[in-house]
Number of protein chains: 2
Amino acid sequence: MAAGDTRERILTAATDLFGVRGVDAVSLDVIAAEVGVAKQTLLYWFPSKDDLVQAVLMQAATQLGVAIDAAIRSASDDPLDRIEAVVRAVFRPAVRRPALLGLIREVSRLSPAVGERFQSELRPLVDRAIAYLQKEMDRGRIRQADPRLIAGLCYATVTGIATEPEVLRSVGWQPTTAELRRLRAELLAFLRAALTPHVD
Amino acid sequence: MAAGDTRERILTAATDLFGVRGVDAVSLDVIAAEVGVAKQTLLYWFPSKDDLVQAVLMQAATQLGVAIDAAIRSASDDPLDRIEAVVRAVFRPAVRRPALLGLIREVSRLSPAVGERFQSELRPLVDRAIAYLQKEMDRGRIRQADPRLIAGLCYATVTGIATEPEVLRSVGWQPTTAELRRLRAELLAFLRAALTPHVD
DNA sequence: ACATTTCTCTACCATATGGTAGACGAACTG
DNA sequence: CAGTTCGTCTACCATATGGTAGAGAAATGT
């Protein structure tokens with residue numbers, strides 16, 4: 001096994017555990033057991049638990065950024081198609097790996113320093129999204145609104161629905177493949193309706 | 001001070017601390033310090049931390065249920081007005097006391113038993129909401145969709161936007177009174193647009 | 001007036017936790 | 001080949017944590 005493989009395995013295990021259970025509910029011992037190494041090995045690669053959390057968030061932010069960028073590039077020029085492509089790009093990892101978005105929810109609970117760096121990582125993407133929404137609203141292709149708040153609302157809707165399986169179960173939903181497809185379709189229809197300009 | 005006041009003060013402090021920081025990040029000592037009593041006093045009123053968490057969630061569920069019921073009764077017959085009243089009813093405590101909805105997010109991280117009881121508490125309300133949405137969709141007053149998923153999406157949007165201040169800050173939003181009003185207005189417009197039946 | 005109950009407290013316990021120190025074997029370097 | 005570095009480990013540490021036991025004062029009941 002190549003040097004550094006252990007580091008990647010630690011990041012993978014930590015991402016899943018932090019995202020599903022919450023940072024404070026997961027000890028270094030639990031992560032070490034999951035990876036199959038000693039706790040000291042974690043601390044060799046990451047000097048402290050905070051450093052590990054930071055690394056995990058940066059990696060998640062990078063992965064999301066890359067996925068979103070790729071989705072934007074491959075979508076058509078229609079803004080609603082682009083938004084749909086972004087939602088699909090975000091929703092796909094959320095379904096395969098719920099911990100990924102669940103992890104982002106942890107940011108508000110961590111130290112301000114961690115939150116700041118995380119925001120900095122995603123800021124270019126967020127700024128481009130807001131500028132894009134403003135332009136399309138000006139062109140009349142997206143419903144007139146505050147683009148910053150619209151970006152926040154879209155994000156909140158997607159991650160909210162993707163990271164709270166309890167909510168869906170409480171309305172009778174089951175995490176089967178067919179139900180997941182219907183959920184994604186309904187989510188996309190919901191957002192499309194929310195953003196479509198109206199004819200008065 | 002009347003007997004039982006201590007119990008209420010414990011519930012209030014625990015709700016705020018659990019909701020803001022997360023259940024696992026808050027120790028019994030921290031809650032005790034906030035209330036101004038000994039840890040043993042907490043354990044006198046609630047035999048274990050799990051019991052305290054359970055009590056806090058049940059109280060929150062009851063409070064939300066009461067607020068939502070009142071909002072529904074006072075709204076007009078128009079379904080979009082009713083949904084707006086419910087969103088206002090949920091959003092108001094979220095703004096005054098962010099911990100309340102933040103607490104509900106903890107449910108998915110707690111033991112299945114706790115989650116089950118919490119769901120049971122809110123089930124009558126959820127079932128009525130779904131039946132109502134179905135009826136109004138049938139009458140053509142709400143956009144045709146799966147009422148269960150629409151209920152889940154509305155909830156996810158409201159709580160998502162209300163409980164992740166980091167997301168809003170990342171799009172340049174500040175928690176001032178004016179900005180809160182604009183956020184609520186934008187949220188309501190977003191949901192109204194998402195639910196309005198379209199004319200083809 | 002005395003007994004009981006209620007509600008608070010301190011002291012204590014066993015375990016969990018994040019982190020430190022140094023040992024050791026494998027890989028690498030000169 | 002010897003020295004160095006890397007990456008793993010066990011043993012240990014100080015503190016945090018959820019919970020138990022019993023003491024004591026105030027309130028309540030007989």
# chains A, B, ... in the order shown; residues from 1 in each chain; ligands from 1
>>> interface_residues(of="chain A", to="chain B", cutoff="8 Å", atoms="only C-alpha atoms", output="PyMOL selection string")
chain A and resi 20-22+24-25+105+107-109+115+119+123+126-127+130+145-146+148-153+156-161+164-168+170-173+183+186-187+190-196
>>> residues_around(residues="segment 42-47 of chain B", least_positions_apart="2", cutoff="8 Å", atoms="only C-alpha atoms (C1' of nucleotides)", output="list of chain:residue names")
B:Arg7, B:Ile10, B:Leu28, B:Ala32, B:Val37, B:Ala38, B:Lys39, B:Gln40, B:Lys49, B:Asp51, B:Leu52
>>> write_last_selection(atoms="N, CA, C and O atoms", output="PDB file, in the first residue's frame")
ATOM      1  N   ARG B   7     -37.445  22.501  36.870  1.00  0.00           N
ATOM      2  CA  ARG B   7     -37.608  21.593  35.725  1.00  0.00           C
ATOM      3  C   ARG B   7     -37.801  22.387  34.437  1.00  0.00           C
ATOM      4  O   ARG B   7     -37.209  22.078  33.399  1.00  0.00           O
ATOM      5  N   ILE B  10     -34.597  24.024  33.312  1.00  0.00           N
ATOM      6  CA  ILE B  10     -33.698  23.016  32.733  1.00  0.00           C
ATOM      7  C   ILE B  10     -34.091  22.749  31.283  1.00  0.00           C
ATOM      8  O   ILE B  10     -33.248  22.719  30.391  1.00  0.00           O
ATOM      9  N   LEU B  28     -23.951  17.511  30.514  1.00  0.00           N
ATOM     10  CA  LEU B  28     -24.860  17.817  31.622  1.00  0.00           C
ATOM     11  C   LEU B  28     -24.288  18.942  32.475  1.00  0.00           C
ATOM     12  O   LEU B  28     -25.035  19.772  33.016  1.00  0.00           O
ATOM     13  N   ALA B  32     -26.159  22.393  33.469  1.00  0.00           N
ATOM     14  CA  ALA B  32     -26.287  22.709  34.887  1.00  0.00           C
ATOM     15  C   ALA B  32     -25.735  24.096  35.183  1.00  0.00           C
ATOM     16  O   ALA B  32     -26.329  24.885  35.919  1.00  0.00           O
ATOM     17  N   VAL B  37     -27.528  25.289  38.683  1.00  0.00           N
ATOM     18  CA  VAL B  37     -27.750  24.216  39.664  1.00  0.00           C
ATOM     19  C   VAL B  37     -26.641  23.172  39.513  1.00  0.00           C
ATOM     20  O   VAL B  37     -25.777  23.304  38.654  1.00  0.00           O
ATOM     21  N   ALA B  38     -26.685  22.161  40.346  1.00  0.00           N
ATOM     22  CA  ALA B  38     -25.707  21.077  40.258  1.00  0.00           C
ATOM     23  C   ALA B  38     -26.179  20.053  39.223  1.00  0.00           C
ATOM     24  O   ALA B  38     -27.380  19.915  38.970  1.00  0.00           O
ATOM     25  N   LYS B  39     -25.227  19.340  38.637  1.00  0.00           N
ATOM     26  CA  LYS B  39     -25.569  18.319  37.657  1.00  0.00           C
ATOM     27  C   LYS B  39     -26.560  17.313  38.246  1.00  0.00           C
ATOM     28  O   LYS B  39     -27.460  16.837  37.541  1.00  0.00           O
ATOM     29  N   GLN B  40     -26.393  16.997  39.503  1.00  0.00           N
ATOM     30  CA  GLN B  40     -27.277  16.054  40.173  1.00  0.00           C
ATOM     31  C   GLN B  40     -28.736  16.530  40.162  1.00  0.00           C
ATOM     32  O   GLN B  40     -29.667  15.725  40.175  1.00  0.00           O
ATOM     33  N   LYS B  49     -29.426  11.631  30.542  1.00  0.00           N
ATOM     34  CA  LYS B  49     -29.336  12.647  29.492  1.00  0.00           C
ATOM     35  C   LYS B  49     -30.328  12.330  28.377  1.00  0.00           C
ATOM     36  O   LYS B  49     -30.979  13.235  27.837  1.00  0.00           O
ATOM     37  N   ASP B  51     -33.164  10.908  28.667  1.00  0.00           N
ATOM     38  CA  ASP B  51     -34.499  11.320  29.112  1.00  0.00           C
ATOM     39  C   ASP B  51     -34.693  12.819  28.927  1.00  0.00           C
ATOM     40  O   ASP B  51     -35.779  13.272  28.542  1.00  0.00           O
ATOM     41  N   LEU B  52     -33.658  13.579  29.207  1.00  0.00           N
ATOM     42  CA  LEU B  52     -33.736  15.035  29.049  1.00  0.00           C
ATOM     43  C   LEU B  52     -33.920  15.396  27.575  1.00  0.00           C
ATOM     44  O   LEU B  52     -34.765  16.230  27.222  1.00  0.00           O
TER      45      LEU B  52
END
>>> interface_residues(of="chain C", to="chain A", cutoff="8 Å", atoms="only C-alpha atoms (C1' of nucleotides)", output="short mmCIF file (atom, residue, chain, number, x, y, z; two decimals) with N, CA, C and O atoms (P, O5', C5', C4', C3', O3' and C1' of nucleotides), in the first residue's frame")
data_model
loop_
_atom_site.label_atom_id
_atom_site.label_comp_id
_atom_site.auth_asym_id
_atom_site.auth_seq_id
_atom_site.Cartn_x
_atom_site.Cartn_y
_atom_site.Cartn_z
P DT C 17 -15.69 8.02 23.40
"O5'" DT C 17 -14.59 9.16 23.55
"C5'" DT C 17 -14.92 10.43 24.10
"C4'" DT C 17 -13.69 11.28 24.22
"C3'" DT C 17 -12.76 11.18 23.03
"O3'" DT C 17 -12.94 12.35 22.24
"C1'" DT C 17 -11.58 11.20 25.11
P DG C 18 -12.17 12.47 20.87
"O5'" DG C 18 -10.89 13.36 21.22
"C5'" DG C 18 -11.09 14.65 21.79
"C4'" DG C 18 -9.74 15.25 22.13
"C3'" DG C 18 -8.75 15.28 20.98
"O3'" DG C 18 -8.03 16.49 21.03
"C1'" DG C 18 -7.86 13.98 22.75
P DG C 19 -6.95 16.87 19.91
"O5'" DG C 19 -5.60 16.35 20.60
"C5'" DG C 19 -5.20 16.94 21.83
"C4'" DG C 19 -4.07 16.15 22.44
"C3'" DG C 19 -2.85 15.94 21.55
"O3'" DG C 19 -1.80 16.73 22.05
"C1'" DG C 19 -3.38 14.02 22.85
#
>>> atom_distance(atom1="atom CA of Ile31 of chain A", atom2="atom CA of Ala13 of chain A")
6.4 Å
>>> closest_residue(among="A:Glu121, A:Asp78, A:Asp50, A:Asp5", to="chain D", atoms="only C-alpha atoms (C1' of nucleotides)")
A:Asp5
>>> residues_around(residues="DG24 of chain D", least_positions_apart="5", cutoff="12 Å", atoms="only C-alpha atoms (C1' of nucleotides)", output="list in words")
DC7, DT8, DC9 and DT10 of chain C
>>> write_last_selection(atoms="N, CA and C atoms (P, O5', C5', C4', C3', O3' and C1' of nucleotides)", output="PDB file, in the first residue's frame")
ATOM      1  P    DC C   7     -40.096  18.306  44.248  1.00  0.00           P
ATOM      2  O5'  DC C   7     -38.628  18.926  44.452  1.00  0.00           O
ATOM      3  C5'  DC C   7     -38.488  20.071  45.278  1.00  0.00           C
ATOM      4  C4'  DC C   7     -37.035  20.317  45.561  1.00  0.00           C
ATOM      5  C3'  DC C   7     -36.104  20.201  44.348  1.00  0.00           C
ATOM      6  O3'  DC C   7     -35.358  21.393  44.259  1.00  0.00           O
ATOM      7  C1'  DC C   7     -35.221  19.037  46.189  1.00  0.00           C
ATOM      8  P    DT C   8     -34.593  21.807  42.919  1.00  0.00           P
ATOM      9  O5'  DT C   8     -33.085  21.756  43.392  1.00  0.00           O
ATOM     10  C5'  DT C   8     -32.615  22.810  44.229  1.00  0.00           C
ATOM     11  C4'  DT C   8     -31.577  22.299  45.199  1.00  0.00           C
ATOM     12  C3'  DT C   8     -30.245  21.894  44.595  1.00  0.00           C
ATOM     13  O3'  DT C   8     -29.451  23.036  44.346  1.00  0.00           O
ATOM     14  C1'  DT C   8     -30.867  20.511  46.459  1.00  0.00           C
ATOM     15  P    DC C   9     -28.058  22.891  43.554  1.00  0.00           P
ATOM     16  O5'  DC C   9     -27.075  22.158  44.569  1.00  0.00           O
ATOM     17  C5'  DC C   9     -26.676  22.808  45.774  1.00  0.00           C
ATOM     18  C4'  DC C   9     -25.901  21.829  46.648  1.00  0.00           C
ATOM     19  C3'  DC C   9     -24.653  21.251  45.993  1.00  0.00           C
ATOM     20  O3'  DC C   9     -23.560  22.102  46.285  1.00  0.00           O
ATOM     21  C1'  DC C   9     -25.902  19.543  47.143  1.00  0.00           C
ATOM     22  P    DT C  10     -22.158  21.864  45.533  1.00  0.00           P
ATOM     23  O5'  DT C  10     -21.464  20.689  46.349  1.00  0.00           O
ATOM     24  C5'  DT C  10     -21.304  20.801  47.764  1.00  0.00           C
ATOM     25  C4'  DT C  10     -20.643  19.533  48.299  1.00  0.00           C
ATOM     26  C3'  DT C  10     -19.321  19.188  47.633  1.00  0.00           C
ATOM     27  O3'  DT C  10     -18.419  18.735  48.641  1.00  0.00           O
ATOM     28  C1'  DT C  10     -20.853  17.393  47.331  1.00  0.00           C
TER      29       DT C  10
END
>>> interface_residues(of="chain D", to="chain B", cutoff="12 Å", atoms="only C-alpha atoms (C1' of nucleotides)", output="PDB file with N, CA and C atoms (P, O5', C5', C4', C3', O3' and C1' of nucleotides), in the first residue's frame")
ATOM      1  P    DA D  16     -11.618  19.516  31.914  1.00  0.00           P
ATOM      2  O5'  DA D  16     -12.536  18.411  31.209  1.00  0.00           O
ATOM      3  C5'  DA D  16     -12.337  18.133  29.824  1.00  0.00           C
ATOM      4  C4'  DA D  16     -13.421  17.189  29.335  1.00  0.00           C
ATOM      5  C3'  DA D  16     -14.823  17.545  29.804  1.00  0.00           C
ATOM      6  O3'  DA D  16     -15.691  17.304  28.712  1.00  0.00           O
ATOM      7  C1'  DA D  16     -14.266  15.367  30.559  1.00  0.00           C
ATOM      8  P    DT D  17     -17.224  17.709  28.803  1.00  0.00           P
ATOM      9  O5'  DT D  17     -17.907  16.343  29.232  1.00  0.00           O
ATOM     10  C5'  DT D  17     -17.803  15.203  28.383  1.00  0.00           C
ATOM     11  C4'  DT D  17     -18.438  14.015  29.058  1.00  0.00           C
ATOM     12  C3'  DT D  17     -19.752  14.348  29.748  1.00  0.00           C
ATOM     13  O3'  DT D  17     -20.814  13.867  28.938  1.00  0.00           O
ATOM     14  C1'  DT D  17     -18.374  12.848  31.031  1.00  0.00           C
ATOM     15  P    DG D  18     -22.298  14.176  29.332  1.00  0.00           P
ATOM     16  O5'  DG D  18     -22.774  12.826  30.036  1.00  0.00           O
ATOM     17  C5'  DG D  18     -22.699  11.595  29.319  1.00  0.00           C
ATOM     18  C4'  DG D  18     -23.087  10.449  30.223  1.00  0.00           C
ATOM     19  C3'  DG D  18     -24.429  10.623  30.928  1.00  0.00           C
ATOM     20  O3'  DG D  18     -25.094   9.357  30.947  1.00  0.00           O
ATOM     21  C1'  DG D  18     -22.705  10.418  32.544  1.00  0.00           C
ATOM     22  P    DG D  19     -26.576   9.239  31.566  1.00  0.00           P
ATOM     23  O5'  DG D  19     -26.254   8.783  33.068  1.00  0.00           O
ATOM     24  C5'  DG D  19     -25.554   7.569  33.269  1.00  0.00           C
ATOM     25  C4'  DG D  19     -25.103   7.453  34.704  1.00  0.00           C
ATOM     26  C3'  DG D  19     -26.193   7.583  35.754  1.00  0.00           C
ATOM     27  O3'  DG D  19     -26.412   6.311  36.337  1.00  0.00           O
ATOM     28  C1'  DG D  19     -24.170   8.633  36.414  1.00  0.00           C
ATOM     29  P    DT D  20     -27.427   6.115  37.548  1.00  0.00           P
ATOM     30  O5'  DT D  20     -26.468   6.058  38.829  1.00  0.00           O
ATOM     31  C5'  DT D  20     -25.381   5.125  38.835  1.00  0.00           C
ATOM     32  C4'  DT D  20     -24.804   5.032  40.242  1.00  0.00           C
ATOM     33  C3'  DT D  20     -25.852   4.938  41.348  1.00  0.00           C
ATOM     34  O3'  DT D  20     -25.405   3.966  42.301  1.00  0.00           O
ATOM     35  C1'  DT D  20     -24.484   6.834  41.726  1.00  0.00           C
ATOM     36  P    DA D  21     -26.318   3.555  43.548  1.00  0.00           P
ATOM     37  O5'  DA D  21     -25.738   4.407  44.764  1.00  0.00           O
ATOM     38  C5'  DA D  21     -24.335   4.357  45.042  1.00  0.00           C
ATOM     39  C4'  DA D  21     -24.042   5.158  46.292  1.00  0.00           C
ATOM     40  C3'  DA D  21     -25.154   5.118  47.340  1.00  0.00           C
ATOM     41  O3'  DA D  21     -24.594   4.861  48.616  1.00  0.00           O
ATOM     42  C1'  DA D  21     -24.652   7.369  46.773  1.00  0.00           C
ATOM     43  P    DA D  26     -33.190  25.633  55.873  1.00  0.00           P
ATOM     44  O5'  DA D  26     -34.511  25.493  54.994  1.00  0.00           O
ATOM     45  C5'  DA D  26     -34.400  25.536  53.573  1.00  0.00           C
ATOM     46  C4'  DA D  26     -35.667  24.980  52.956  1.00  0.00           C
ATOM     47  C3'  DA D  26     -36.955  25.469  53.615  1.00  0.00           C
ATOM     48  O3'  DA D  26     -37.853  25.826  52.586  1.00  0.00           O
ATOM     49  C1'  DA D  26     -36.907  23.098  53.581  1.00  0.00           C
ATOM     50  P    DA D  27     -39.234  26.513  52.932  1.00  0.00           P
ATOM     51  O5'  DA D  27     -40.254  25.347  52.546  1.00  0.00           O
ATOM     52  C5'  DA D  27     -40.116  24.689  51.295  1.00  0.00           C
ATOM     53  C4'  DA D  27     -41.067  23.509  51.235  1.00  0.00           C
ATOM     54  C3'  DA D  27     -42.464  23.793  51.766  1.00  0.00           C
ATOM     55  O3'  DA D  27     -43.398  23.268  50.835  1.00  0.00           O
ATOM     56  C1'  DA D  27     -41.555  21.905  52.878  1.00  0.00           C
TER      57       DA D  27
END
>>> closest_residue(among="B:Leu188, B:Val35, B:Leu100, B:Ala70", to="Gly19 of chain B", atoms="only C-alpha atoms")
B:Leu100
>>> atom_distance(atom1="atom CA of Leu80 of chain B", atom2="atom CA of Arg128 of chain B")
15.7 Å
>>> closest_residue(among="D:DA14, D:DC6, D:DA23, D:DG29", to="DC24 of chain C", atoms="only C-alpha atoms (C1' of nucleotides)")
D:DC6
>>> atom_distance(atom1="atom CA of Val95 of chain A", atom2="atom CA of Thr15 of chain A")
14.6 Å
>>> residues_around(residues="segment 61-68 of chain A", least_positions_apart="4", cutoff="7 Å", atoms="only C-alpha atoms (C1' of nucleotides)", output="PyMOL selection string")
chain A and resi 57+72+86+89-90+121-122+125
>>> write_last_selection(atoms="N, CA, C and O atoms", output="PDB file, in the first residue's frame")
ATOM      1  N   LEU A  57     -13.565  18.818   5.572  1.00  0.00           N
ATOM      2  CA  LEU A  57     -14.452  19.835   5.005  1.00  0.00           C
ATOM      3  C   LEU A  57     -13.881  20.418   3.718  1.00  0.00           C
ATOM      4  O   LEU A  57     -14.602  20.647   2.741  1.00  0.00           O
ATOM      5  N   ILE A  72     -22.415  22.522 -14.629  1.00  0.00           N
ATOM      6  CA  ILE A  72     -22.701  23.792 -15.295  1.00  0.00           C
ATOM      7  C   ILE A  72     -22.170  23.772 -16.737  1.00  0.00           C
ATOM      8  O   ILE A  72     -22.851  24.211 -17.671  1.00  0.00           O
ATOM      9  N   VAL A  86     -27.228  21.309 -11.979  1.00  0.00           N
ATOM     10  CA  VAL A  86     -26.514  21.517 -10.709  1.00  0.00           C
ATOM     11  C   VAL A  86     -27.178  20.713  -9.597  1.00  0.00           C
ATOM     12  O   VAL A  86     -26.487  20.058  -8.810  1.00  0.00           O
ATOM     13  N   ALA A  89     -26.292  17.237  -9.943  1.00  0.00           N
ATOM     14  CA  ALA A  89     -24.893  17.030  -9.577  1.00  0.00           C
ATOM     15  C   ALA A  89     -24.717  16.983  -8.060  1.00  0.00           C
ATOM     16  O   ALA A  89     -23.892  16.234  -7.546  1.00  0.00           O
ATOM     17  N   VAL A  90     -25.505  17.792  -7.367  1.00  0.00           N
ATOM     18  CA  VAL A  90     -25.410  17.820  -5.908  1.00  0.00           C
ATOM     19  C   VAL A  90     -26.178  16.660  -5.290  1.00  0.00           C
ATOM     20  O   VAL A  90     -25.744  16.063  -4.310  1.00  0.00           O
ATOM     21  N   GLU A 121     -13.519  28.688   0.626  1.00  0.00           N
ATOM     22  CA  GLU A 121     -13.333  27.652  -0.394  1.00  0.00           C
ATOM     23  C   GLU A 121     -14.448  27.714  -1.435  1.00  0.00           C
ATOM     24  O   GLU A 121     -14.218  27.540  -2.624  1.00  0.00           O
ATOM     25  N   LEU A 122     -15.664  27.956  -0.973  1.00  0.00           N
ATOM     26  CA  LEU A 122     -16.812  27.912  -1.880  1.00  0.00           C
ATOM     27  C   LEU A 122     -17.216  29.276  -2.420  1.00  0.00           C
ATOM     28  O   LEU A 122     -18.101  29.371  -3.275  1.00  0.00           O
ATOM     29  N   LEU A 125     -17.481  30.015  -6.240  1.00  0.00           N
ATOM     30  CA  LEU A 125     -18.614  29.329  -6.828  1.00  0.00           C
ATOM     31  C   LEU A 125     -19.922  30.048  -6.501  1.00  0.00           C
ATOM     32  O   LEU A 125     -20.776  30.260  -7.372  1.00  0.00           O
TER      33      LEU A 125
END
